[in-house]
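Student: target_4.txt (compact mmCIF, C-alpha atoms and all ligand atoms) pasted underneath:
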# COMPACT_ATOMS: atom_id res chain seq x y z
CA MET O 1 -22.94 56.66 -5.60
CA VAL O 2 -20.07 54.82 -7.24
CA LYS O 3 -20.90 51.11 -7.49
CA ILE O 4 -17.98 49.74 -9.47
CA TYR O 5 -14.62 51.45 -9.72
CA VAL O 6 -12.09 49.96 -12.14
CA ASP O 7 -8.70 51.36 -11.25
CA ASN O 8 -5.79 51.00 -13.67
CA VAL O 9 -6.68 47.51 -14.74
CA ARG O 10 -4.14 45.71 -16.91
CA PHE O 11 -4.40 42.16 -18.15
CA SER O 12 -2.32 39.97 -20.46
CA TYR O 13 -2.95 36.52 -21.81
CA ARG O 14 0.59 35.12 -21.50
CA SER O 15 2.66 37.96 -22.98
CA ASN O 16 -0.19 39.45 -25.02
CA PRO O 17 -1.44 42.65 -23.29
CA VAL O 18 -5.19 42.82 -23.77
CA LEU O 19 -6.22 45.53 -21.28
CA LYS O 20 -3.99 48.55 -20.79
CA ASP O 21 -4.53 50.82 -17.77
CA VAL O 22 -8.30 50.88 -17.93
CA THR O 23 -9.86 53.26 -15.36
CA PHE O 24 -13.52 54.24 -15.04
CA HIS O 25 -16.41 54.07 -12.62
CA VAL O 26 -20.08 53.21 -12.85
CA ASP O 27 -22.69 54.73 -10.56
CA GLU O 28 -25.37 52.68 -8.89
CA GLY O 29 -28.44 52.12 -11.05
CA THR O 30 -26.63 53.00 -14.26
CA ILE O 31 -26.53 50.91 -17.42
CA LEU O 32 -23.05 51.06 -18.92
CA GLY O 33 -22.59 49.75 -22.45
CA LEU O 34 -19.15 48.48 -23.47
CA VAL O 35 -18.51 49.01 -27.16
CA GLY O 36 -15.52 48.53 -29.41
CA PRO O 37 -14.39 46.29 -32.27
CA ASN O 38 -13.97 42.54 -31.93
CA GLY O 39 -10.91 41.70 -29.89
CA SER O 40 -10.78 45.10 -28.16
CA GLY O 41 -11.03 43.50 -24.70
CA LYS O 42 -14.72 43.75 -23.72
CA THR O 43 -15.09 40.12 -22.62
CA THR O 44 -11.75 40.22 -20.83
CA LEU O 45 -12.81 43.35 -18.92
CA ILE O 46 -16.10 41.77 -17.87
CA ARG O 47 -14.21 38.70 -16.64
CA CYS O 48 -11.81 40.89 -14.67
CA ILE O 49 -14.75 42.64 -12.98
CA ASP O 50 -16.25 39.26 -12.01
CA ARG O 51 -12.78 38.11 -10.90
CA ILE O 52 -12.86 35.10 -13.21
CA LEU O 53 -9.54 36.66 -14.29
CA ASP O 54 -7.10 38.27 -11.86
CA PRO O 55 -5.81 41.50 -13.42
CA GLU O 56 -3.17 43.94 -12.26
CA GLY O 57 -4.71 47.09 -10.80
CA SER O 58 -7.93 46.87 -8.83
CA VAL O 59 -11.67 46.58 -9.14
CA PHE O 60 -13.72 47.98 -6.27
CA LEU O 61 -17.31 47.10 -5.46
CA ASP O 62 -18.87 49.65 -3.08
CA GLY O 63 -15.35 50.71 -2.17
CA THR O 64 -14.07 47.19 -1.35
CA ALA O 65 -11.47 45.59 -3.59
CA ILE O 66 -13.03 42.44 -5.02
CA ARG O 67 -9.60 40.82 -4.64
CA ASP O 68 -10.29 40.88 -0.90
CA MET O 69 -13.75 39.35 -1.21
CA ARG O 70 -14.57 35.66 -0.97
CA ARG O 71 -16.02 33.98 -4.07
CA SER O 72 -19.33 33.53 -2.25
CA GLU O 73 -19.45 37.24 -1.43
CA ILE O 74 -18.76 38.16 -5.06
CA ALA O 75 -21.55 35.80 -6.15
CA LEU O 76 -24.00 37.52 -3.80
CA ASN O 77 -23.22 40.83 -5.46
CA ILE O 78 -22.30 40.21 -9.08
CA GLY O 79 -24.23 38.22 -11.68
CA TYR O 80 -22.58 37.27 -14.97
CA VAL O 81 -24.31 36.29 -18.19
CA PRO O 82 -21.68 34.87 -20.55
CA GLN O 83 -22.05 34.74 -24.30
CA THR O 84 -24.16 31.79 -25.37
CA GLY O 85 -22.50 28.60 -26.45
CA ALA O 86 -21.11 27.92 -22.99
CA LYS O 87 -21.74 24.27 -22.19
CA ILE O 88 -23.74 23.50 -19.08
CA ALA O 89 -23.85 19.97 -17.61
CA ALA O 90 -27.14 18.25 -18.45
CA ALA O 91 -29.85 20.16 -16.64
CA SER O 92 -33.39 21.33 -17.18
CA VAL O 93 -34.17 25.00 -17.68
CA PHE O 94 -35.60 25.15 -14.17
CA GLU O 95 -32.43 23.66 -12.73
CA VAL O 96 -30.28 26.15 -14.62
CA VAL O 97 -32.33 29.08 -13.28
CA MET O 98 -32.15 27.59 -9.76
CA MET O 99 -28.33 27.67 -10.04
CA GLY O 100 -28.77 31.44 -9.70
CA ARG O 101 -30.03 30.89 -6.16
CA THR O 102 -26.94 28.91 -5.07
CA PRO O 103 -25.14 31.87 -3.39
CA HIS O 104 -28.24 32.53 -1.25
CA MET O 105 -29.21 28.95 -0.43
CA GLY O 106 -28.46 26.71 2.50
CA TRP O 107 -28.09 23.01 1.70
CA ARG O 108 -31.48 22.95 0.06
CA ALA O 109 -33.80 25.35 -1.74
CA SER O 110 -36.41 27.12 0.37
CA ASP O 111 -39.90 28.00 -0.83
CA GLU O 112 -38.61 31.54 -1.27
CA ASP O 113 -35.78 30.35 -3.56
CA LEU O 114 -38.29 28.42 -5.67
CA ALA O 115 -40.61 31.44 -5.85
CA ILE O 116 -37.78 33.76 -6.90
CA ALA O 117 -36.63 31.34 -9.62
CA GLU O 118 -40.20 31.04 -10.88
CA LYS O 119 -40.59 34.82 -10.92
CA ALA O 120 -37.34 35.18 -12.87
CA MET O 121 -38.59 32.68 -15.47
CA LEU O 122 -41.88 34.58 -15.77
CA PHE O 123 -39.98 37.87 -16.09
CA LEU O 124 -38.04 36.50 -19.07
CA GLY O 125 -41.03 34.59 -20.48
CA VAL O 126 -39.27 31.20 -20.30
CA GLU O 127 -41.60 29.52 -17.78
CA ASN O 128 -43.07 27.30 -20.52
CA LEU O 129 -39.56 25.87 -21.12
CA ALA O 130 -39.00 24.93 -17.46
CA ASP O 131 -38.90 21.15 -17.96
CA LEU O 132 -36.88 21.14 -21.18
CA GLU O 133 -33.18 20.28 -21.40
CA TYR O 134 -31.17 23.49 -21.49
CA ASN O 135 -28.64 22.06 -23.97
CA GLU O 136 -31.41 21.28 -26.46
CA LEU O 137 -32.75 24.86 -26.66
CA SER O 138 -32.03 27.33 -29.46
CA GLY O 139 -29.28 29.89 -28.87
CA GLY O 140 -31.89 32.60 -28.32
CA GLN O 141 -33.80 30.56 -25.76
CA GLN O 142 -30.55 29.69 -23.96
CA GLN O 143 -29.67 33.37 -23.80
CA LYS O 144 -32.98 34.21 -22.12
CA VAL O 145 -32.55 31.34 -19.66
CA LEU O 146 -29.08 32.58 -18.71
CA ILE O 147 -30.49 36.06 -18.13
CA ALA O 148 -33.27 34.50 -15.99
CA ARG O 149 -30.58 32.67 -13.98
CA ALA O 150 -28.81 35.98 -13.33
CA VAL O 151 -32.10 37.68 -12.39
CA ALA O 152 -32.82 34.85 -9.91
CA GLN O 153 -29.41 35.51 -8.37
CA GLU O 154 -30.65 38.99 -7.36
CA PRO O 155 -27.22 40.59 -7.78
CA LYS O 156 -26.43 44.26 -7.20
CA VAL O 157 -24.35 44.35 -10.38
CA LEU O 158 -25.22 42.50 -13.57
CA LEU O 159 -22.55 41.81 -16.19
CA LEU O 160 -23.77 40.77 -19.62
CA ASP O 161 -21.57 39.75 -22.52
CA GLU O 162 -23.37 40.48 -25.78
CA PRO O 163 -26.73 39.51 -24.26
CA THR O 164 -28.63 39.65 -27.51
CA ASN O 165 -26.22 38.33 -30.12
CA SER O 166 -28.27 35.24 -30.89
CA LEU O 167 -31.70 36.80 -30.57
CA ASP O 168 -33.93 37.90 -33.43
CA ILE O 169 -35.09 41.52 -33.34
CA ARG O 170 -38.24 40.83 -31.36
CA HIS O 171 -36.45 38.80 -28.69
CA GLN O 172 -33.59 41.29 -28.69
CA LEU O 173 -36.04 44.10 -27.98
CA GLU O 174 -37.76 42.07 -25.27
CA ALA O 175 -34.54 41.04 -23.53
CA LEU O 176 -33.08 44.54 -23.52
CA SER O 177 -36.36 46.08 -22.34
CA ILE O 178 -36.38 43.56 -19.50
CA ILE O 179 -32.81 44.45 -18.52
CA HIS O 180 -33.69 48.15 -18.70
CA ARG O 181 -36.81 47.66 -16.58
CA LEU O 182 -34.88 45.57 -14.07
CA SER O 183 -32.31 48.31 -13.69
CA ARG O 184 -34.93 51.03 -13.28
CA GLU O 185 -37.15 49.03 -10.91
CA THR O 186 -34.48 47.52 -8.68
CA GLY O 187 -31.61 50.01 -8.97
CA ILE O 188 -29.28 47.26 -10.19
CA THR O 189 -26.11 48.41 -11.95
CA VAL O 190 -25.63 46.89 -15.40
CA ILE O 191 -22.45 46.58 -17.43
CA MET O 192 -23.03 45.03 -20.83
CA ALA O 193 -20.92 44.45 -23.90
CA VAL O 194 -23.01 45.30 -26.94
CA HIS O 195 -21.66 45.42 -30.42
CA ASP O 196 -24.51 47.16 -32.20
CA LEU O 197 -23.99 50.89 -31.60
CA THR O 198 -27.65 51.76 -32.24
CA VAL O 199 -28.73 49.21 -29.63
CA ALA O 200 -26.06 50.40 -27.20
CA ALA O 201 -27.17 54.02 -27.62
CA ARG O 202 -30.78 53.15 -27.02
CA TYR O 203 -30.43 51.09 -23.84
CA ALA O 204 -27.31 52.39 -22.10
CA ASP O 205 -27.08 55.50 -19.93
CA ARG O 206 -23.33 55.67 -20.45
CA LEU O 207 -21.04 54.13 -23.03
CA MET O 208 -17.40 53.21 -22.83
CA MET O 209 -15.41 52.52 -25.96
CA LEU O 210 -12.41 50.21 -26.02
CA ARG O 211 -9.88 49.93 -28.78
CA LYS O 212 -7.01 47.44 -28.61
CA GLY O 213 -7.38 47.22 -24.83
CA GLN O 214 -7.41 50.96 -24.25
CA LEU O 215 -10.29 53.10 -23.11
CA VAL O 216 -10.71 55.65 -25.89
CA ALA O 217 -13.95 57.34 -24.88
CA PHE O 218 -16.48 57.44 -22.05
CA GLY O 219 -19.71 59.43 -21.96
CA THR O 220 -23.37 59.54 -22.82
CA PRO O 221 -24.32 57.90 -26.13
CA ASP O 222 -24.76 61.35 -27.69
CA GLU O 223 -21.31 62.43 -26.59
CA LEU O 224 -19.55 59.24 -27.50
CA ILE O 225 -21.03 58.19 -30.82
CA THR O 226 -19.74 60.42 -33.59
CA THR O 227 -18.88 59.65 -37.21
CA GLU O 228 -15.25 60.69 -36.54
CA ARG O 229 -14.90 58.25 -33.67
CA ILE O 230 -16.52 55.41 -35.62
CA ARG O 231 -14.09 56.07 -38.45
CA GLU O 232 -11.11 56.16 -36.10
CA VAL O 233 -12.01 53.14 -33.98
CA TYR O 234 -13.80 50.84 -36.42
CA GLY O 235 -12.35 52.05 -39.72
CA VAL O 236 -15.85 52.54 -41.06
CA GLU O 237 -17.60 55.50 -42.67
CA SER O 238 -21.06 55.90 -41.19
CA LYS O 239 -24.06 58.16 -40.94
CA ILE O 240 -25.78 59.02 -37.70
CA PHE O 241 -29.46 59.90 -37.59
CA ARG O 242 -31.53 61.09 -34.67
CA ASP O 243 -35.16 60.06 -34.52
CA GLN O 244 -37.56 61.27 -31.86
CA GLU O 245 -38.87 57.79 -31.15
CA ALA O 246 -35.91 55.56 -32.03
CA GLY O 247 -33.16 57.84 -30.70
CA LEU O 248 -29.70 57.72 -32.19
CA ILE O 249 -29.30 55.45 -35.23
CA VAL O 250 -25.92 54.47 -36.63
CA THR O 251 -25.77 53.27 -40.22
CA PRO O 252 -22.39 51.93 -41.33
CA LEU O 253 -21.74 52.88 -44.95
CA ARG O 254 -18.39 51.39 -46.01
CA ALA O 255 -15.13 50.14 -44.58
CA ILE O 256 -12.11 52.32 -45.21
CA SER O 257 -8.74 50.76 -45.97
CA GLU O 258 -6.39 49.74 -43.14
CA ALA O 259 -3.99 52.47 -44.16
CA THR O 260 -6.45 55.24 -43.41
CA ALA O 261 -8.24 53.49 -40.51
P1 LIG O 301 -13.84 41.40 -27.28
O1 LIG O 301 -14.76 40.88 -26.23
O2 LIG O 301 -13.81 42.89 -27.35
O3 LIG O 301 -14.08 40.79 -28.63
P2 LIG O 301 -11.82 39.81 -25.96
O4 LIG O 301 -11.69 40.27 -24.55
O5 LIG O 301 -12.60 38.55 -26.21
O6 LIG O 301 -12.35 41.00 -26.86
O7 LIG O 301 -10.38 39.56 -26.57
C1 LIG O 301 -9.34 40.52 -26.49
C2 LIG O 301 -8.06 39.90 -27.01
O8 LIG O 301 -7.65 38.85 -26.13
C3 LIG O 301 -8.17 39.29 -28.40
O9 LIG O 301 -7.01 39.59 -29.10
C4 LIG O 301 -8.26 37.81 -28.11
O10 LIG O 301 -7.70 37.08 -29.17
C5 LIG O 301 -7.44 37.66 -26.86
N1 LIG O 301 -7.94 36.54 -26.03
C6 LIG O 301 -9.20 36.40 -25.54
N2 LIG O 301 -9.30 35.28 -24.79
C7 LIG O 301 -8.09 34.69 -24.79
C8 LIG O 301 -7.54 33.51 -24.19
N3 LIG O 301 -8.30 32.71 -23.43
N4 LIG O 301 -6.23 33.23 -24.43
C9 LIG O 301 -5.46 34.04 -25.17
N5 LIG O 301 -5.90 35.18 -25.77
C10 LIG O 301 -7.19 35.50 -25.59
Any chance you could put this one into C-alpha cells?

Tutor:
Amino acid sequence: MVKIYVDNVRFSYRSNPVLKDVTFHVDEGTILGLVGPNGSGKTTLIRCIDRILDPEGSVFLDGTAIRDMRRSEIALNIGYVPQTGAKIAAASVFEVVMMGRTPHMGWRASDEDLAIAEKAMLFLGVENLADLEYNELSGGQQQKVLIARAVAQEPKVLLLDEPTNSLDIRHQLEALSIIHRLSRETGITVIMAVHDLTVAARYADRLMMLRKGQLVAFGTPDELITTERIREVYGVESKIFRDQEAGLIVTPLRAISEATA
C-alpha cells in the first residue's frame, strides 16, 4: 500500500530552484534511502514531506494531501529527526524524549506517555543519560536522543536526515539496526537521507538518487548503484564489490575533473 506519494514537487529558495518536479511513492513498511551529492536537495525534500516547507505540487499521506492536514494531525503521523546541531532550549534528555509525546498528550503526561518515552530511551540505549542536559551531550549522543524522541512519537512515517553522520561506526551500526528493526517490527515507513552509499545499500529497501534537485534514479540498491551512475552523478570513479555478509560495498577511487563529470 502506498504510504507517501510525492507528486510533482517543486521548491525554490527565493529564485533558486532546488527541487524540480520530483515524483515518487513509498510503500508502507519500506525503508527508502535518499542519496545524492551535497546540495542535491535531500534535506529540502524531507522538509517538504514534513510540511516545514510548502512546495508546489503535492505530498499525499495515505491518499490525503498533507496540505489539507492540520499540524497536529501531521505530527501524529510523521516524525522528523533533523541533522544534529539543531539547538534545543535547555532541557534534560528525558524532557527532549517526552517532547515526542506532545502530539498524543492532553495537558499533562499520562503514565502511558511516560512508559512509552522510557521504552524509547531503552530502545536507543540512552536511558542512562536521562537526567543530563541535552545541549551538553556529544553529537553522537544527541543524535540517538533525537531518534528516541521520534520513536516515542510513534509516527507512521519516520523522516531522518543523515541520522548517523556524527556517530562512530559502532553507534552508526547500532542506530541503523534499531531503525531497521523498528521498521520491520512496527511496519513504520522510513525515509532517510544517507550519504554513504554502502550504508544506504545495506539498510534501505529502495533508494532514490537526486542530482541538482532532479530525481535521476529510483530502485533497489542493486539496480541503482552502478559505477556508471556514481561517475555521472558524483563525478567519482569507484569500484563496487558484493560480499555475502556485508552486501554491496562502494569504494570511491578518485574524483574525475569537472569537465568529464
Ligand atoms: P542536501 O540535503 O542534498 O545537501 P539541501 O536540500 O540542503 O541539499 O540543499 C539544496 C540546495 O538548496 C543547496 O544549493 C543549498 O545551498 C540550498 N539551500 C538549502 N537551504 C537553504 C536556505 N535556507 N536558503 C537558501 N538556500 C538554501

Student: Name the closest residue to ligand LIG 301 (chain O) among the candidates O:Pro221, O:Gly106, O:Gly29, O:Pro37; distances are taken between atoms, counting all atoms listed in the file.

Tutor: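 Among O:Pro221, O:Gly106, O:Gly29, O:Pro37, it is O:Pro37 that comes nearest to ligand LIG 301 (chain O).
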
Student: Name the closest residue to Leu76 of chain O among the candidates O:Met105, O:Leu129, O:Leu146, O:Ala217; distances are taken between atoms, counting all atoms listed in the file.

Tutor: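 Closest residue, counting all atoms listed in the file: O:Met105.
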
Student: Between O:Leu53, O:Met1, O:Ala130, O:Val93, which is the closest to ligand LIG 301 (chain O) once you count only C-alpha atoms and all ligand atoms?

Tutor: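 Of O:Leu53, O:Met1, O:Ala130, O:Val93, the one nearest ligand LIG 301 (chain O) is O:Leu53, counting only C-alpha atoms and all ligand atoms.
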
Student: Enclose the full set of atoms of ligand LIG 301 (chain O) listed in the file within a box whose edges lie along x, y and z, apply 6 Å of padding to each of the six sides, and report centre and edge lengths in Å to one decimal as AutoDock Vina command-line options.

Tutor:
--center_x -10.1 --center_y 37.8 --center_z -26.3 --size_x 21.3 --size_y 22.2 --size_z 17.7

Student: Go through the chains and note each residue within 7 Å of ligand LIG 301 (chain O), using all atoms listed in the file, then give the set as an MDAnalysis selection string.

Tutor: chainID O and resid 13 18 36:45

Student: Out of O:Ala115, O:Val35, O:Val9, O:Ala89, which residue has the shortest atom-to-atom distance to Val194 of chain O when counting only C-alpha atoms?

Tutor: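 Once distances to Val194 of chain O are computed over only C-alpha atoms, the minimum belongs to O:Val35.
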
Student: Using only C-alpha atoms, which of O:Lys119, O:Arg108, O:His195, O:Arg47 sits nearest Ala148 of chain O?

Tutor: O:Lys119

Student: Which of these, O:Lys87, O:Arg231, O:Lys212, O:Lys239, has the shortest distance to Lys20 of chain O once you count all atoms listed in the file?

Tutor: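 The shortest atom-to-atom distance to Lys20 of chain O comes from O:Lys212.
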
Student: Using all atoms listed in the file, which residues sit within 10 Å of Gly63 of chain O once same-chain residues fewer than 6 positions away are excluded, as a tab-separated table (two decimals) with C-alpha atoms, in the frame of the given file?

Tutor:
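Just written: around19.tsv:
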chain	number	residue	atom	x	y	z
O	2	VAL	CA	-20.07	54.82	-7.24
O	3	LYS	CA	-20.90	51.11	-7.49
O	4	ILE	CA	-17.98	49.74	-9.47
O	5	TYR	CA	-14.62	51.45	-9.72

Student: How many Å separate atom CA of Ser92 of chain O from atom CA of His171 of chain O?

Tutor: 21.1 Å

Student: Excluding Asp50 of chain O and its own-chain neighbours fewer than 2 positions away, which residues fall within 12 Å of it when counting all atoms listed in the file? Please give them as a PyMOL selection string.

Tutor: chain O and resi 4+6+43-48+52-55+58-61+65-67+69-82+155+157-161+191

Student: Enter the distance from atom CA of Arg149 of chain O to atom CA of Ala120 of chain O, in Å, rounded to one decimal.

Tutor: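 That distance, rounded to one decimal, is 7.3 Å.
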
Student: Which protein, DNA or RNA residues are at most 12 Å from (-26.3, 55.4, -22.5) in the file's coordinates when you count all atoms listed in the file, listed as a PyMOL selection string?

Tutor: chain O and resi 26+30-35+180+190-192+194+197-209+218-225+247-248

Student: Could you work out how far atom CA of Ala90 of chain O lies from atom CA of Trp107 of chain O, giving the answer in Å with one decimal?

Tutor: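 Spanning atom CA of Trp107 of chain O to atom CA of Ala90 of chain O is a straight-line distance of 20.7 Å.
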
Student: Excluding segment 252-255 of chain O and its own-chain neighbours fewer than 2 positions away, which residues fall within 7 Å of it when counting all atoms listed in the file? Please give them as number ranges by chain.

Tutor: O: 235-239, 250, 257

Student: Applying 7 Å and only C-alpha atoms, which residues near Arg10 of chain O remain after dropping the ones on its own chain fewer than 4 positions away? List them as an MDAnalysis selection string.

Tutor: chainID O and resid 19:22 55:57
